[in-house]
Amino acid sequence: MRYFIEFAYNGKNYHGWQYQPQSASVQETLTKALSLLLKKEIELMGAGRTDAGVHAKQMYAHFDYEETLDSVYWTKKLNSFLPKDIVVYRLVPLHDDAHARFDATSRTYEYHIHTFKDAFENEGSWYHFHPLDVEKMNEAAKILFDYIDFECFSKTHSDVRTFNCVIKEAFWQQNGTRLVFTITADRFLRNMVRAIVGTLIGVGIGKISLDDFRKIIESKNRGNAGFSVPAHGLYLTKVIYPYLHKH
């Protein structure tokens with residue numbers, strides 16, 4: 001039987017989701033916990049990869065197990081065993097062909113910024129003190145809808161078949177000194193969200209015009225885009241599957 005596990009994590013102490021030979025990863029930590037408690041070598045396939053220091057408010061992975069698992073019992077069991085920075089929400093039994101990575105139809109990320117120094121926000125939000133033109137940044141974000149090739153925002157030398165992504169939403173919201181950028185797409189390239197945010201920051205401080213923003217995308221050159229903002233402000237917040245989210 002195939003199970004989906006829904007969970008979240010604070011990425012501060014991990015070198016991303018995926019296994020790393022010399023560093024702690026979320027995948028390794030969760031796999032060890034499941035294997036030990038279920039008394040079987042478990043293999044976990046995640047919905048995607050998050051880089052070192054990136055957080056997830058909602059993440060999915062799947063694994064196979066022959067016996068029927070009580071979701072409530074095993075959720076509590078796992079949470080009592082896992083470190084405090086990983087939490088399991090539920091286990092869902094699904095059909096054998098269900099796939100946590102390939103079946104996801106969209107993923108949503110948020111990037112958090114605070115514009116006034118805050119002693120309590122530094123681990124989960126990036127402090128940016130220069131004034132930002134949020135209206136202009138939202139105008140630039142709308143330009144993303146006109147394109148599907150985002151090679152300019154991809155980590156260089158990425159081993160991917162295509163740089164095409166369909167962006168479904170991209171916008172900034174400001175609440176006092178808090179700024180949140182939300183972006184949803186069918187898929188994301190490595191480092192893509194952090195590069196987009198860094199380039200939009202360039203727009204916000206007047207360094208990059210709206211016309212420049214278009215030219216950057218059309219250039220397909222990572223060197224023309226802005227810097228990558230720090231990982232600790234980035235959150236994977238939602239992963240959608242047709243059979244889990246019918247409405």
# chains A, B, ... in the order shown; residues from 1 in each chain; ligands from 1
call {"tool": "residues_around", "arguments": {"residues": "range 14-19 of chain A", "least_positions_apart": "6", "cutoff": "7 Å", "atoms": "only C-alpha atoms", "output": "VMD selection string"}}
result
chain A and resid 25 to 28 49 to 54
call {"tool": "write_last_selection", "arguments": {"atoms": "C-alpha atoms", "output": "compact mmCIF listing (two decimals), in the first residue's frame"}}
result
# COMPACT_ATOMS: atom_id res chain seq x y z
CA SER A 25 18.74 16.52 5.63
CA VAL A 26 15.01 16.38 6.30
CA GLN A 27 14.64 13.33 4.04
CA GLU A 28 17.25 11.38 6.00
CA ARG A 49 13.60 19.66 -3.21
CA THR A 50 14.12 22.59 -0.91
CA ASP A 51 17.58 24.10 -0.53
CA ALA A 52 19.60 24.39 2.66
CA GLY A 53 17.88 26.63 5.19
CA VAL A 54 14.54 26.79 3.35
call {"tool": "residues_around", "arguments": {"residues": "Arg214 in chain A", "least_positions_apart": "5", "cutoff": "12 Å", "atoms": "only C-alpha atoms", "output": "ChimeraX atom specification"}}
result
/A:139-147,149-150,152,199-200,203,208-209,219-220,224-225
call {"tool": "write_last_selection", "arguments": {"atoms": "N, CA, C and O atoms", "output": "CSV table (one decimal), in the first residue's frame"}}
result
chain,number,residue,atom,x,y,z
A,139,GLU,N,3.8,45.3,-10.2
A,139,GLU,CA,3.8,45.5,-11.6
A,139,GLU,C,4.7,44.5,-12.3
A,139,GLU,O,4.4,43.9,-13.3
A,140,ALA,N,5.9,44.5,-11.8
A,140,ALA,CA,6.9,43.6,-12.4
A,140,ALA,C,6.5,42.1,-12.2
A,140,ALA,O,6.8,41.3,-13.1
A,141,ALA,N,5.9,41.8,-11.1
A,141,ALA,CA,5.5,40.4,-10.8
A,141,ALA,C,4.5,39.9,-11.9
A,141,ALA,O,4.5,38.8,-12.3
A,142,LYS,N,3.6,40.9,-12.3
A,142,LYS,CA,2.6,40.5,-13.3
A,142,LYS,C,3.3,40.2,-14.7
A,142,LYS,O,2.7,39.4,-15.4
A,143,ILE,N,4.5,40.7,-14.9
A,143,ILE,CA,5.2,40.4,-16.2
A,143,ILE,C,5.5,39.0,-16.3
A,143,ILE,O,5.6,38.4,-17.3
A,144,LEU,N,5.7,38.3,-15.1
A,144,LEU,CA,6.0,36.9,-15.1
A,144,LEU,C,5.0,36.0,-15.8
A,144,LEU,O,5.3,35.0,-16.4
A,145,PHE,N,3.7,36.5,-15.8
A,145,PHE,CA,2.7,35.7,-16.5
A,145,PHE,C,2.8,35.7,-18.0
A,145,PHE,O,2.2,34.8,-18.6
A,146,ASP,N,3.6,36.6,-18.5
A,146,ASP,CA,3.7,36.6,-20.0
A,146,ASP,C,4.8,35.7,-20.5
A,146,ASP,O,5.0,35.6,-21.7
A,147,TYR,N,5.4,34.9,-19.6
A,147,TYR,CA,6.5,34.0,-20.1
A,147,TYR,C,6.4,32.7,-19.4
A,147,TYR,O,5.7,32.5,-18.4
A,149,ASP,N,9.5,30.4,-20.1
A,149,ASP,CA,10.9,30.0,-20.0
A,149,ASP,C,11.6,30.9,-18.9
A,149,ASP,O,11.7,32.1,-19.2
A,150,PHE,N,12.0,30.3,-17.8
A,150,PHE,CA,12.6,31.1,-16.8
A,150,PHE,C,14.1,30.7,-16.5
A,150,PHE,O,14.5,30.6,-15.3
A,152,CYS,N,16.6,32.3,-16.9
A,152,CYS,CA,17.4,33.4,-16.3
A,152,CYS,C,17.3,33.4,-14.7
A,152,CYS,O,18.2,34.0,-14.1
A,199,THR,N,15.6,39.8,-7.9
A,199,THR,CA,15.4,40.7,-9.0
A,199,THR,C,14.3,41.7,-8.8
A,199,THR,O,14.4,42.9,-9.2
A,200,LEU,N,13.2,41.2,-8.2
A,200,LEU,CA,12.1,42.2,-7.9
A,200,LEU,C,12.5,43.2,-6.8
A,200,LEU,O,12.1,44.3,-6.9
A,203,VAL,N,13.9,45.9,-8.7
A,203,VAL,CA,12.9,46.8,-9.2
A,203,VAL,C,12.4,47.7,-8.1
A,203,VAL,O,12.2,48.9,-8.3
A,208,ILE,N,16.3,48.4,-11.3
A,208,ILE,CA,15.8,47.6,-12.5
A,208,ILE,C,14.5,48.2,-12.9
A,208,ILE,O,13.6,48.3,-12.1
A,209,SER,N,14.3,48.6,-14.2
A,209,SER,CA,13.1,49.1,-14.7
A,209,SER,C,12.2,47.9,-15.1
A,209,SER,O,12.6,46.8,-15.2
A,219,SER,N,16.5,37.3,-21.9
A,219,SER,CA,17.9,37.0,-22.1
A,219,SER,C,18.2,35.5,-21.8
A,219,SER,O,19.2,35.0,-22.3
A,220,LYS,N,17.5,34.9,-20.9
A,220,LYS,CA,17.7,33.5,-20.5
A,220,LYS,C,19.1,33.4,-19.8
A,220,LYS,O,19.6,32.3,-19.8
A,224,ASN,N,22.2,38.1,-15.8
A,224,ASN,CA,21.5,39.3,-15.9
A,224,ASN,C,20.5,39.6,-14.8
A,224,ASN,O,20.1,40.7,-14.6
A,225,ALA,N,20.1,38.5,-14.2
A,225,ALA,CA,19.1,38.7,-13.1
A,225,ALA,C,19.7,39.2,-11.8
A,225,ALA,O,20.9,39.3,-11.7
call {"tool": "residues_around", "arguments": {"residues": "Ala98 in chain A", "least_positions_apart": "6", "cutoff": "9 Å", "atoms": "only C-alpha atoms", "output": "list in words"}}
result
Arg2, Tyr3, Phe4 and His62 of chain A
call {"tool": "select_by_dssp", "arguments": {"residues": "range 77-149 of chain A", "states": "strand (DSSP E)", "output": "VMD selection string"}}
result
chain A and resid 86 to 94 106 to 114 126 to 127
call {"tool": "closest_residue", "arguments": {"among": "A:His245, A:Lys57, A:Lys155, A:Lys207", "to": "Arg222 in chain A", "atoms": "only C-alpha atoms"}}
result
A:Lys155
call {"tool": "select_by_dssp", "arguments": {"residues": "range 46-164 of chain A", "states": "helix (DSSP H, G or I)", "output": "number ranges by chain"}}
result
A: 71-81, 134-146, 151-153
call {"tool": "closest_residue", "arguments": {"among": "A:Ala231, A:Ile183, A:Glu151, A:Phe120", "to": "Asn138 in chain A", "atoms": "only C-alpha atoms"}}
result
A:Ile183
call {"tool": "closest_residue", "arguments": {"among": "A:Leu36, A:Leu234, A:Met192, A:Ile201", "to": "Tyr9 in chain A", "atoms": "only C-alpha atoms"}}
result
A:Leu234
call {"tool": "closest_residue", "arguments": {"among": "A:Thr115, A:Ser106, A:Glu66, A:Gln22", "to": "Lys39 in chain A", "atoms": "only C-alpha atoms"}}
result
A:Glu66
call {"tool": "atom_distance", "arguments": {"atom1": "CA of Tyr65 in chain A", "atom2": "CA of Leu38 in chain A"}}
result
8.7 Å
call {"tool": "atom_distance", "arguments": {"atom1": "CA of Lys12 in chain A", "atom2": "CA of His112 in chain A"}}
result
14.8 Å
call {"tool": "residues_around", "arguments": {"residues": "range 100-103 of chain A", "least_positions_apart": "4", "cutoff": "6 Å", "atoms": "only C-alpha atoms", "output": "PDB file with N, CA, C and O atoms, in the first residue's frame"}}
result
ATOM      1  N   GLY A  46       9.986  12.649  -2.023  1.00  0.00           N
ATOM      2  CA  GLY A  46       9.382  13.921  -1.680  1.00  0.00           C
ATOM      3  C   GLY A  46       8.720  14.611  -2.862  1.00  0.00           C
ATOM      4  O   GLY A  46       8.965  14.277  -4.030  1.00  0.00           O
ATOM      5  N   ALA A  47       7.891  15.612  -2.557  1.00  0.00           N
ATOM      6  CA  ALA A  47       7.196  16.387  -3.584  1.00  0.00           C
ATOM      7  C   ALA A  47       8.164  17.244  -4.396  1.00  0.00           C
ATOM      8  O   ALA A  47       7.848  17.689  -5.493  1.00  0.00           O
ATOM      9  N   GLY A  48       9.337  17.490  -3.844  1.00  0.00           N
ATOM     10  CA  GLY A  48      10.333  18.311  -4.526  1.00  0.00           C
ATOM     11  C   GLY A  48      11.500  18.532  -3.594  1.00  0.00           C
ATOM     12  O   GLY A  48      11.569  17.958  -2.502  1.00  0.00           O
ATOM     13  N   ALA A  61       5.456  13.551   1.015  1.00  0.00           N
ATOM     14  CA  ALA A  61       6.340  12.505   0.506  1.00  0.00           C
ATOM     15  C   ALA A  61       5.537  11.208   0.511  1.00  0.00           C
ATOM     16  O   ALA A  61       4.531  11.093   1.220  1.00  0.00           O
ATOM     17  N   HIS A  62       5.953  10.232  -0.298  1.00  0.00           N
ATOM     18  CA  HIS A  62       5.243   8.948  -0.273  1.00  0.00           C
ATOM     19  C   HIS A  62       6.217   7.810   0.048  1.00  0.00           C
ATOM     20  O   HIS A  62       7.423   7.915  -0.165  1.00  0.00           O
TER      21      HIS A  62
END
